[in-house]
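K.L.:
The file below is final24.txt, compact mmCIF, C-alpha atoms:
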# COMPACT_ATOMS: atom_id res chain seq x y z
CA MET S 1 27.48 -27.74 -15.89
CA PHE S 2 24.87 -28.21 -13.19
CA VAL S 3 21.39 -29.09 -14.46
CA CYS S 4 18.28 -28.71 -12.37
CA PRO S 5 16.50 -32.06 -11.83
CA ALA S 6 13.18 -32.57 -13.54
CA LEU S 7 9.98 -33.15 -11.61
CA PRO S 8 10.44 -36.49 -9.81
CA PRO S 9 7.42 -38.80 -10.09
CA GLY S 10 5.48 -39.42 -6.91
CA SER S 11 6.64 -36.29 -5.13
CA GLY S 12 4.47 -33.32 -4.26
CA PHE S 13 3.49 -31.22 -7.23
CA ILE S 14 3.89 -27.83 -5.55
CA GLY S 15 7.22 -28.74 -3.95
CA SER S 16 8.62 -30.12 -7.21
CA MET S 17 7.56 -27.09 -9.22
CA THR S 18 8.86 -24.51 -6.75
CA SER S 19 12.16 -26.38 -6.32
CA TYR S 20 12.69 -26.53 -10.07
CA ILE S 21 11.83 -22.86 -10.55
CA ASP S 22 14.07 -21.79 -7.66
CA CYS S 23 16.96 -23.85 -9.03
CA GLN S 24 16.57 -22.34 -12.50
CA ALA S 25 16.39 -18.82 -11.07
CA ARG S 26 19.59 -19.29 -9.06
CA ILE S 27 21.47 -20.73 -12.03
CA LEU S 28 20.18 -17.91 -14.23
CA GLY S 29 21.47 -15.28 -11.82
CA SER S 30 24.87 -16.74 -11.02
CA GLY S 31 25.63 -18.31 -14.41
CA SER S 32 24.76 -15.19 -16.37
CA TRP S 33 26.97 -13.05 -14.14
CA ALA S 34 29.89 -15.46 -14.64
CA ALA S 35 29.41 -15.33 -18.42
CA LEU S 36 29.20 -11.54 -18.50
CA ALA S 37 32.25 -11.07 -16.25
CA ALA S 38 34.48 -13.18 -18.52
CA PRO S 39 37.22 -11.28 -20.44
CA GLY S 40 36.11 -10.14 -23.88
CA SER S 41 32.41 -10.37 -23.05
CA THR S 42 29.84 -7.77 -24.01
CA LEU S 43 29.85 -6.38 -20.48
CA SER S 44 33.60 -5.71 -20.54
CA VAL S 45 33.23 -3.79 -23.79
CA VAL S 46 30.34 -1.77 -22.39
CA LEU S 47 32.23 -0.95 -19.19
CA THR S 48 35.29 0.16 -21.14
CA GLY S 49 33.21 2.37 -23.38
CA PHE S 50 31.30 3.90 -20.47
CA LEU S 51 34.53 4.65 -18.60
CA THR S 52 36.05 6.28 -21.68
CA ILE S 53 32.97 8.47 -22.19
CA PHE S 54 32.84 9.38 -18.50
CA ILE S 55 36.48 10.53 -18.44
CA ALA S 56 36.03 12.36 -21.76
CA ILE S 57 33.10 14.32 -20.32
CA LEU S 58 35.20 15.35 -17.32
CA GLY S 59 38.04 16.47 -19.58
CA TYR S 60 35.64 18.36 -21.84
CA ASN S 61 34.28 20.28 -18.85
CA LEU S 62 37.81 21.18 -17.78
CA LEU S 63 38.63 22.45 -21.28
CA LEU S 64 35.58 24.70 -21.17
CA GLY S 65 36.82 26.28 -17.95
CA ARG S 66 34.40 24.57 -15.58
CA SER S 67 36.22 23.70 -12.37
CA ILE S 68 35.49 20.44 -10.56
CA THR S 69 35.09 20.66 -6.81
CA VAL S 70 36.47 18.13 -4.35
CA ARG S 71 33.00 16.76 -3.75
CA GLU S 72 32.35 16.22 -7.45
CA GLY S 73 35.68 14.53 -7.97
CA THR S 74 35.22 12.28 -4.96
CA LEU S 75 31.72 11.33 -6.09
CA ALA S 76 32.99 10.51 -9.59
CA PHE S 77 35.68 8.17 -8.26
CA VAL S 78 33.20 6.53 -5.88
CA LYS S 79 30.80 5.82 -8.75
CA ILE S 80 33.56 4.34 -10.90
CA GLY S 81 34.78 2.16 -8.04
CA ALA S 82 31.27 0.94 -7.13
CA VAL S 83 30.40 0.10 -10.74
CA PHE S 84 33.57 -1.86 -11.41
CA ALA S 85 33.51 -3.59 -8.01
CA LEU S 86 29.95 -4.88 -8.42
CA ALA S 87 30.26 -5.67 -12.14
CA THR S 88 33.59 -7.49 -12.02
CA SER S 89 33.83 -8.98 -8.51
CA TRP S 90 31.54 -11.93 -7.74
CA PRO S 91 32.13 -11.87 -3.93
CA ALA S 92 31.04 -8.22 -3.74
CA TYR S 93 28.06 -8.76 -6.07
CA ARG S 94 26.97 -11.92 -4.23
CA THR S 95 27.23 -10.40 -0.75
CA LEU S 96 25.51 -7.08 -1.50
CA ILE S 97 22.90 -8.10 -4.08
CA TYR S 98 22.60 -11.81 -4.93
CA ASP S 99 22.27 -13.29 -1.44
CA LEU S 100 20.16 -10.36 -0.29
CA VAL S 101 17.54 -10.97 -2.99
CA THR S 102 17.55 -14.78 -2.98
CA ASP S 103 17.94 -15.62 0.72
CA GLY S 104 16.86 -12.40 2.43
CA PRO S 105 13.05 -12.88 2.13
CA SER S 106 13.08 -16.39 3.62
CA GLN S 107 15.30 -15.28 6.50
CA LEU S 108 13.01 -12.35 7.27
CA VAL S 109 9.90 -14.56 7.20
CA ALA S 110 11.64 -17.04 9.52
CA GLU S 111 12.29 -14.20 12.01
CA ILE S 112 8.83 -12.65 12.07
CA GLY S 113 6.83 -15.82 11.45
CA PRO S 114 6.95 -17.47 14.89
CA GLN S 115 5.82 -14.30 16.66
CA ALA S 116 3.05 -13.67 14.11
CA ARG S 117 1.91 -17.33 14.16
CA ILE S 118 2.46 -17.70 10.39
CA VAL S 119 2.17 -21.31 9.26
CA GLY S 120 5.23 -22.57 7.38
CA SER S 121 7.58 -19.79 8.52
CA ASP S 122 9.96 -22.44 9.89
CA GLY S 123 10.84 -23.57 6.36
CA THR S 124 8.05 -26.14 5.99
CA LEU S 125 5.76 -23.99 3.85
CA VAL S 126 6.19 -25.97 0.64
CA GLN S 127 5.78 -29.34 2.37
CA ARG S 128 2.57 -28.22 4.05
CA LEU S 129 1.27 -26.88 0.76
CA ASP S 130 1.83 -30.34 -0.74
CA LEU S 131 -0.07 -31.96 2.13
CA ALA S 132 -2.97 -29.57 1.64
CA ASP S 133 -2.97 -30.30 -2.08
CA HIS S 134 -3.10 -34.04 -1.34
CA GLY S 135 -6.08 -33.46 0.97
CA LEU S 136 -7.88 -31.47 -1.72
CA ALA S 137 -7.35 -34.32 -4.15
CA GLN S 138 -8.89 -36.78 -1.67
CA LEU S 139 -11.85 -34.49 -1.11
CA ALA S 140 -12.42 -34.20 -4.86
CA MET S 141 -12.52 -38.00 -5.14
CA LEU S 142 -14.89 -38.38 -2.17
CA GLY S 143 -17.18 -35.60 -3.29
CA PRO S 144 -19.72 -33.82 -1.09
CA GLY S 145 -21.83 -36.95 -0.65
CA ASN S 146 -25.56 -37.49 -1.21
CA PRO S 147 -27.77 -36.05 1.51
CA PRO S 148 -31.08 -37.75 2.45
CA ALA S 149 -34.05 -37.12 0.22
CA ASN S 150 -35.89 -35.04 2.82
CA ALA S 151 -32.84 -32.73 3.13
CA TYR S 152 -32.94 -31.47 -0.47
CA ALA S 153 -35.72 -29.04 0.36
CA GLN S 154 -33.50 -27.35 2.98
CA LEU S 155 -30.48 -26.93 0.65
CA PRO S 156 -29.92 -23.91 -1.60
CA PRO S 157 -29.98 -24.73 -5.29
CA SER S 158 -26.67 -25.08 -7.15
CA PRO S 159 -25.72 -22.33 -9.63
CA PHE S 160 -25.68 -24.89 -12.44
CA ALA S 161 -25.72 -28.63 -12.92
CA GLY S 162 -22.49 -30.32 -11.92
CA PHE S 163 -21.37 -27.36 -9.81
CA ASN S 164 -20.08 -29.51 -6.95
CA ALA S 165 -17.65 -31.43 -9.14
CA PHE S 166 -16.57 -28.20 -10.84
CA ALA S 167 -16.04 -26.38 -7.51
CA LEU S 168 -14.01 -29.19 -5.92
CA GLY S 169 -11.79 -29.67 -8.96
CA GLY S 170 -11.52 -25.96 -9.69
CA SER S 171 -10.61 -25.15 -6.09
CA ARG S 172 -7.67 -27.52 -6.22
CA ILE S 173 -6.51 -26.05 -9.55
CA LEU S 174 -6.82 -22.53 -8.14
CA PHE S 175 -4.94 -23.49 -4.98
CA ASP S 176 -2.05 -25.04 -6.92
CA LEU S 177 -1.91 -22.17 -9.39
CA THR S 178 -1.84 -19.58 -6.60
CA ALA S 179 0.99 -21.33 -4.77
CA VAL S 180 3.16 -22.13 -7.79
CA ALA S 181 2.58 -18.83 -9.60
CA GLY S 182 3.01 -16.72 -6.47
CA LEU S 183 6.24 -18.37 -5.35
CA GLY S 184 7.65 -19.03 -8.81
CA SER S 185 6.95 -15.69 -10.50
CA VAL S 186 8.89 -13.61 -7.98
CA ARG S 187 11.87 -15.99 -8.17
CA ILE S 188 11.98 -15.97 -11.97
CA VAL S 189 11.77 -12.16 -12.07
CA ALA S 190 14.51 -11.88 -9.44
CA GLY S 191 16.72 -14.34 -11.35
CA LEU S 192 16.29 -12.41 -14.60
CA MET S 193 17.16 -9.10 -12.94
CA LEU S 194 20.19 -10.65 -11.24
CA ALA S 195 21.35 -12.03 -14.58
CA LEU S 196 21.26 -8.58 -16.19
CA GLY S 197 22.46 -6.77 -13.05
CA PRO S 198 25.97 -5.80 -14.25
CA PHE S 199 24.52 -3.90 -17.22
CA PHE S 200 22.15 -1.91 -15.02
CA ILE S 201 24.93 -1.21 -12.53
CA ALA S 202 26.98 0.29 -15.36
CA PHE S 203 24.11 2.68 -16.10
CA LEU S 204 24.75 4.31 -12.72
CA MET S 205 27.64 6.33 -14.17
CA PHE S 206 25.56 8.81 -16.20
CA GLU S 207 22.63 11.01 -15.34
CA ASN S 208 20.67 10.14 -18.48
CA THR S 209 20.90 6.39 -17.77
CA ARG S 210 20.63 6.50 -13.98
CA SER S 211 16.86 6.03 -14.18
CA LEU S 212 17.48 2.54 -15.64
CA PHE S 213 19.52 1.65 -12.55
CA GLU S 214 16.74 2.97 -10.32
CA GLY S 215 14.19 0.87 -12.20
CA TRP S 216 16.37 -2.21 -11.80
CA VAL S 217 16.61 -1.67 -8.05
CA ARG S 218 12.83 -1.17 -7.89
CA VAL S 219 12.16 -4.47 -9.64
CA LEU S 220 14.62 -6.33 -7.40
CA GLY S 221 13.17 -4.74 -4.28
CA GLY S 222 9.63 -5.47 -5.46
CA ALA S 223 10.50 -9.13 -6.10
CA ALA S 224 12.03 -9.50 -2.63
CA LEU S 225 9.05 -7.83 -0.95
CA ALA S 226 6.64 -9.89 -3.03
CA ALA S 227 8.35 -13.11 -1.94
CA ILE S 228 7.72 -12.10 1.67
CA GLY S 229 4.12 -11.10 0.97
CA VAL S 230 3.29 -14.30 -0.93
CA SER S 231 4.82 -16.49 1.80
CA ILE S 232 2.76 -14.72 4.47
CA ALA S 233 -0.45 -14.92 2.40
CA LEU S 234 0.02 -18.64 1.74
CA GLY S 235 0.80 -19.23 5.41
CA LEU S 236 -2.45 -17.53 6.38
CA GLU S 237 -4.30 -19.67 3.86
CA LEU S 238 -2.82 -22.83 5.33
CA ALA S 239 -3.74 -21.70 8.84
CA LEU S 240 -7.38 -21.61 7.74
CA LEU S 241 -7.43 -24.48 5.27
CA GLU S 242 -5.59 -27.18 7.22
CA PRO S 243 -8.01 -27.56 10.17
CA TRP S 244 -11.02 -27.05 7.93
CA LEU S 245 -9.82 -29.68 5.47
CA SER S 246 -8.97 -32.18 8.22
CA ASN S 247 -12.44 -31.84 9.68
CA VAL S 248 -14.15 -32.22 6.31
CA LEU S 249 -12.14 -35.29 5.33
CA ALA S 250 -12.80 -36.97 8.67
CA ARG S 251 -16.55 -36.41 8.33
CA ARG S 252 -16.62 -37.56 4.72
CA MET S 253 -14.73 -40.74 5.50
CA ALA S 254 -17.27 -41.40 8.24
CA GLY S 255 -19.98 -41.31 5.57
CA GLU S 256 -21.50 -37.94 6.41
CA ALA S 257 -22.84 -35.94 3.49
CA LEU S 258 -21.60 -32.33 3.21
CA PRO S 259 -23.48 -30.71 0.33
CA THR S 260 -22.11 -27.18 1.01
CA VAL S 261 -18.44 -28.12 1.18
CA ALA S 262 -17.84 -27.47 -2.54
CA THR S 263 -19.06 -23.86 -2.31
CA GLU S 264 -17.07 -23.17 0.86
CA LEU S 265 -13.86 -24.55 -0.61
CA PHE S 266 -14.29 -22.58 -3.83
CA VAL S 267 -14.79 -19.35 -1.86
CA ILE S 268 -11.69 -19.99 0.29
CA SER S 269 -9.48 -20.72 -2.72
CA SER S 270 -10.75 -17.69 -4.64
CA LEU S 271 -10.36 -15.38 -1.65
CA PHE S 272 -6.70 -16.23 -1.03
CA ALA S 273 -5.91 -16.11 -4.75
CA ILE S 274 -7.13 -12.50 -4.69
CA LEU S 275 -5.09 -11.83 -1.54
CA VAL S 276 -1.92 -13.13 -3.18
CA LEU S 277 -2.53 -10.86 -6.19
CA ALA S 278 -3.12 -7.92 -3.84
CA ALA S 279 0.16 -8.69 -2.04
CA LEU S 280 2.03 -8.72 -5.36
CA TYR S 281 0.47 -5.43 -6.41
CA GLY S 282 1.10 -3.75 -3.06
CA CYS S 283 4.76 -4.77 -2.99
CA ALA S 284 5.21 -3.49 -6.54
CA ARG S 285 3.68 -0.16 -5.58
CA VAL S 286 5.97 0.15 -2.55
CA ALA S 287 9.05 -0.62 -4.63
CA ARG S 288 8.13 2.14 -7.11
CA ALA S 289 8.79 4.73 -4.42
CA PHE S 290 12.54 4.10 -4.48
CA ARG S 291 14.66 7.09 -5.49
CA LEU S 292 18.38 7.67 -5.30
CA ALA S 293 19.59 9.99 -2.59
CA PRO S 294 20.31 13.60 -3.63
CA VAL S 295 24.04 13.00 -3.05
CA MET S 296 24.05 10.71 -6.08
CA ARG S 297 22.84 13.50 -8.35
CA PRO S 298 25.54 15.27 -10.36
CA MET S 299 26.66 18.64 -9.11
CA ALA S 300 26.37 20.09 -12.60
CA ALA S 301 22.60 19.99 -12.25
CA ALA S 302 22.71 22.65 -9.51
CA PRO S 303 23.80 26.22 -10.44
CA ARG S 304 27.06 27.40 -8.99
CA ARG S 305 27.34 30.28 -6.54
CA GLU S 306 28.83 32.57 -9.16
CA GLU S 307 26.01 31.77 -11.57
CA ARG S 308 23.41 32.45 -8.91
CA ASN S 309 25.03 35.82 -8.18
CA MET S 310 25.08 36.70 -11.88
CA LEU S 311 21.40 35.87 -12.10
CA GLY S 312 20.62 38.31 -9.32
CA GLY S 313 20.18 35.77 -6.59
CA THR S 314 17.04 34.23 -8.07
CA ALA S 315 17.70 31.03 -6.18
CA ASN S 316 17.53 32.89 -2.86
CA VAL S 317 14.53 35.03 -3.75
CA SER S 318 12.27 32.01 -3.72
CA ARG S 319 13.18 31.40 -0.08
CA ILE S 320 12.06 34.84 1.13
CA GLY S 321 8.91 34.60 3.19
CA GLU S 322 5.72 36.52 2.68
CA ALA S 323 6.45 38.74 5.67
CA GLU S 324 9.84 39.84 4.31
CA ARG S 325 8.36 40.62 0.90
CA SER S 326 5.62 42.79 2.44
CA ARG S 327 8.18 44.61 4.61
CA ALA S 328 10.37 45.34 1.59
CA ALA S 329 7.35 46.61 -0.33
CA ALA S 330 6.44 48.97 2.54
CA VAL S 331 9.97 50.42 2.66
CA ALA S 332 9.96 50.91 -1.11
CA ASN S 333 6.63 52.76 -0.93
CA MET S 334 7.99 55.05 1.78
CA LEU S 335 11.05 55.91 -0.31
CA MET S 336 8.92 56.60 -3.37
CA ALA S 337 6.62 58.87 -1.37
CA ALA S 338 9.60 60.84 -0.02
CA GLU S 339 11.00 61.21 -3.54
CA ARG S 340 7.67 62.54 -4.79
CA ARG S 341 7.51 65.10 -1.99
CA GLU S 342 11.03 66.31 -2.78
CA ARG S 343 10.19 66.70 -6.46
CA LEU S 344 6.96 68.58 -5.77
CA GLY S 345 8.63 70.96 -3.29
CA SER S 346 11.88 71.62 -5.19
CA PRO S 347 12.99 75.30 -5.69
CA THR S 348 13.38 74.80 -9.42
CA ALA S 349 9.73 75.51 -9.99
CA LEU S 350 8.97 77.70 -12.97
CA ALA S 351 7.45 81.13 -12.60
CA GLY S 352 3.88 81.43 -13.80
CA PRO S 353 1.73 84.44 -14.82
CA GLY S 354 1.09 87.03 -12.08
CA GLY S 355 4.23 86.14 -10.17
CA SER S 356 2.87 82.69 -9.13
CA THR S 357 4.91 79.52 -9.19
CA ARG S 358 4.15 76.34 -11.07
CA VAL S 359 5.60 72.92 -10.45
CA PRO S 360 7.38 71.58 -13.50
CA ALA S 361 6.13 68.36 -15.02
CA VAL S 362 7.93 65.23 -13.85
CA ARG S 363 9.30 63.17 -16.70
CA SER S 364 10.40 59.98 -14.97
CA SER S 365 9.31 56.39 -14.76
CA ASP S 366 7.28 57.26 -11.64
CA GLU S 367 5.08 59.75 -13.49
CA GLN S 368 2.15 57.34 -13.63
CA ARG S 369 2.33 56.73 -9.88
CA LEU S 370 2.19 60.49 -8.92
CA ALA S 371 -1.06 61.59 -7.30
CA PRO S 372 -3.14 64.04 -9.44
CA VAL S 373 -3.16 67.73 -8.37
CA PRO S 374 -6.62 68.76 -7.03
CA VAL S 375 -8.62 71.34 -8.97
CA GLY S 376 -7.84 74.93 -7.89
CA ARG S 377 -4.48 73.99 -6.35
CA SER S 378 -2.31 74.40 -9.46
CA PHE S 379 -0.79 77.62 -8.06
CA THR S 380 0.58 78.23 -4.59
CA ARG S 381 -1.05 80.71 -2.18
CA ARG S 382 0.58 83.93 -1.01
CA PRO S 383 1.76 83.94 2.61
CA HIS S 384 0.15 87.47 3.20
CA ALA S 385 -3.09 89.15 2.19
CA ARG S 386 -3.20 90.78 -1.25
CA ALA S 387 -3.69 94.66 -1.26
CA SER S 388 -4.41 96.94 -4.20
CA ALA S 389 -2.61 100.32 -4.94
CA SER S 390 -5.68 102.51 -4.03
CA ALA S 391 -5.97 100.77 -0.69
CA ALA S 392 -2.32 101.52 0.05
CA LYS S 393 -2.78 105.33 -0.75
CA ARG S 394 -5.83 105.42 1.48
CA ASP S 395 -3.98 103.94 4.33
CA MET S 396 -1.11 106.46 3.94
CA SER S 397 -3.48 109.47 3.85
CA GLU S 398 -5.09 108.32 7.01
Can the structure in the file be given as structure tokens, please?
P.N.:
Amino acid sequence: MFVCPALPPGSGFIGSMTSYIDCQARILGSGSWAALAAPGSTLSVVLTGFLTIFIAILGYNLLLGRSITVREGTLAFVKIGAVFALATSWPAYRTLIYDLVTDGPSQLVAEIGPQARIVGSDGTLVQRLDLADHGLAQLAMLGPGNPPANAYAQLPPSPFAGFNAFALGGSRILFDLTAVAGLGSVRIVAGLMLALGPFFIAFLMFENTRSLFEGWVRVLGGAALAAIGVSIALGLELALLEPWLSNVLARRMAGEALPTVATELFVISSLFAILVLAALYGCARVARAFRLAPVMRPMAAAPRREERNMLGGTANVSRIGEAERSRAAAVANMLMAAERRERLGSPTALAGPGGSTRVPAVRSSDEQRLAPVPVGRSFTRRPHARASASAAKRDMSE
């Protein structure tokens, strides 16, 4: 069994730590997969159980009379094949997932680094971090120096006594912690997710557990993006720190006092520590946006065409625009108005007192929408003038 070498004495601290962490992460990812893929392992039992349940659900749906379309059947077989191929075949898992997560970030940084003038993009990032750490150690031993007595009046006061020694030592600690934690944390997280990858791939088979697979992909994607972001942030820090540190060391070795160097170094180290944290947070937020494509969703979640027709086409009603709804309402109002006119002018009116006609009361659901009859218009008018009997005799005598 391969064992990662311990930190060799005399070598760079940052390089030794990152090499050890990277070695452990790779062994964790590949060794755990080999153990889980062995016959009789927990993963084999889980895969067998998931496959049995998946086929049982399909058979249960067929017994209930629910037909399975060609698309649903094809998608089911594709999911089964993808799960078993990635969970039981190391070449497929290594090509599609393992190498992509472990080697992809460094390859991408090597491609974009030369054009973006990123320091260390050629694979020398860790070595240059060690050189910068060695320079910080020398500066901490030299100190800022003692300025002349007449120069104290022109210097700003220190925040507290012994601040210079604290700032120089603390800046080196912060620099080392930023580099080791930034590069090591993403590799450990990626190694842990790669070790448990076959279990999360098996969760792809069911709708209720598919969110676990999505979360696993988000964490892996976030770790890969974070590795790129941390490498770029540390490269930018080296681009600023290397010339500044070379200049400061040369002046200190020449005997020049630099009373403000401790504050400047502390600000630089703190600033890029915050930038590395911001890169980690931003990459995590970007990875959270991952969602599976709609084709991966089960077809049972969408209502069938027959069910939509039985429900009155409610799925299509929501797609009707505002203009179509207003046009349909106008046509309905016109039909209702015509129906009211036919009912009011029907010949089945009842005879009223004095030979007049009266419209019968409408007993329908549209009764509340009928317009009220104006006062004095309850009876219809005669088409000719009304004449009394005496007036008719008078006209005949004349």
K.L.:
So which one's closest to S:Leu51, S:Val189, S:Ala202, S:Val78, S:Val109? Using only C-alpha atoms, please.
P.N.:
S:Ala202
K.L.:
Tell me, counting only C-alpha atoms, for each residue of stretch 202-265 of chain S within 12 Å of stretch 110-115 of chain S, which pair of atoms is nearest and how far apart they are in Å to one decimal, in rows ordered by chain and increasing number, as a tab-separated table.
P.N.:
residue	atom	partner	partner_atom	distance
S:Ile228	CA	S:Ala110	CA	10.1
S:Gly229	CA	S:Gly113	CA	11.8
S:Ser231	CA	S:Gly113	CA	9.9
S:Ile232	CA	S:Gly113	CA	8.2
S:Ala233	CA	S:Gly113	CA	11.6
S:Gly235	CA	S:Gly113	CA	9.2
S:Leu236	CA	S:Gly113	CA	10.7
K.L.:
To one decimal place in Å, what is the distance between atom CA of S:Pro259 and atom CA of S:Ile14?
P.N.:
28.1 Å
K.L.:
To one decimal place in Å, what is the distance between atom CA of S:Ala92 and atom CA of S:Leu28?
P.N.:
17.9 Å
K.L.:
State, in Å with one decimal place, the distance from atom CA of S:Arg251 to atom CA of S:Ala137.
P.N.:
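According to the coordinates, atom CA of S:Arg251 and atom CA of S:Ala137 are separated by 15.6 Å.
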K.L.:
Contacts of S:Leu47 at 9 Å or less, counting all atoms listed in the file, minus same-chain residues fewer than 3 places along, as a list in words?
P.N.:
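After dropping sequence-adjacent residues, the list is Thr42, Leu43, Ser44, Phe50, Leu51, Thr52, Val83, Phe84, Ala87, Phe199 and Ala202 of chain S.
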K.L.:
Under the rule that only C-alpha atoms are counted, which of S:Asn61, S:Ser270, S:Asn247, S:Thr260 is the nearest residue to S:Gly135?
P.N.:
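Going through S:Asn61, S:Ser270, S:Asn247, S:Thr260 one by one, the smallest distance to S:Gly135 is for S:Asn247.
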K.L.:
Generate N, CA, C and O atoms for stretch 43-58 of chain S and emit them as a CSV table (one decimal), in the frame of the given file.
P.N.:
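Generated file (result_23.csv):
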chain,number,residue,atom,x,y,z
S,43,LEU,N,29.8,-7.3,-21.6
S,43,LEU,CA,29.8,-6.4,-20.5
S,43,LEU,C,31.2,-5.7,-20.4
S,43,LEU,O,31.2,-4.5,-20.1
S,44,SER,N,32.3,-6.4,-20.6
S,44,SER,CA,33.6,-5.7,-20.5
S,44,SER,C,33.7,-4.6,-21.6
S,44,SER,O,34.3,-3.5,-21.3
S,45,VAL,N,33.2,-4.8,-22.8
S,45,VAL,CA,33.2,-3.8,-23.8
S,45,VAL,C,32.4,-2.6,-23.4
S,45,VAL,O,32.8,-1.4,-23.6
S,46,VAL,N,31.2,-2.9,-22.8
S,46,VAL,CA,30.3,-1.8,-22.4
S,46,VAL,C,31.0,-1.0,-21.3
S,46,VAL,O,30.9,0.3,-21.3
S,47,LEU,N,31.6,-1.7,-20.3
S,47,LEU,CA,32.2,-1.0,-19.2
S,47,LEU,C,33.4,-0.1,-19.7
S,47,LEU,O,33.6,1.0,-19.2
S,48,THR,N,34.2,-0.6,-20.6
S,48,THR,CA,35.3,0.2,-21.1
S,48,THR,C,34.8,1.4,-21.9
S,48,THR,O,35.3,2.5,-21.7
S,49,GLY,N,33.8,1.2,-22.7
S,49,GLY,CA,33.2,2.4,-23.4
S,49,GLY,C,32.6,3.4,-22.5
S,49,GLY,O,32.8,4.6,-22.6
S,50,PHE,N,31.9,3.0,-21.4
S,50,PHE,CA,31.3,3.9,-20.5
S,50,PHE,C,32.4,4.7,-19.7
S,50,PHE,O,32.3,5.9,-19.5
S,51,LEU,N,33.5,4.0,-19.3
S,51,LEU,CA,34.5,4.6,-18.6
S,51,LEU,C,35.2,5.7,-19.5
S,51,LEU,O,35.6,6.8,-19.0
S,52,THR,N,35.4,5.3,-20.8
S,52,THR,CA,36.0,6.3,-21.7
S,52,THR,C,35.2,7.5,-21.9
S,52,THR,O,35.7,8.7,-21.8
S,53,ILE,N,33.9,7.3,-22.0
S,53,ILE,CA,33.0,8.5,-22.2
S,53,ILE,C,32.9,9.3,-20.9
S,53,ILE,O,32.9,10.5,-21.0
S,54,PHE,N,32.9,8.6,-19.8
S,54,PHE,CA,32.8,9.4,-18.5
S,54,PHE,C,34.1,10.3,-18.3
S,54,PHE,O,33.9,11.4,-17.9
S,55,ILE,N,35.3,9.7,-18.6
S,55,ILE,CA,36.5,10.5,-18.4
S,55,ILE,C,36.5,11.6,-19.5
S,55,ILE,O,37.0,12.7,-19.3
S,56,ALA,N,36.0,11.3,-20.7
S,56,ALA,CA,36.0,12.4,-21.8
S,56,ALA,C,35.1,13.5,-21.4
S,56,ALA,O,35.4,14.7,-21.7
S,57,ILE,N,34.0,13.2,-20.7
S,57,ILE,CA,33.1,14.3,-20.3
S,57,ILE,C,33.8,15.2,-19.3
S,57,ILE,O,33.7,16.4,-19.3
S,58,LEU,N,34.5,14.6,-18.3
S,58,LEU,CA,35.2,15.4,-17.3
S,58,LEU,C,36.3,16.2,-18.0
S,58,LEU,O,36.4,17.4,-17.6
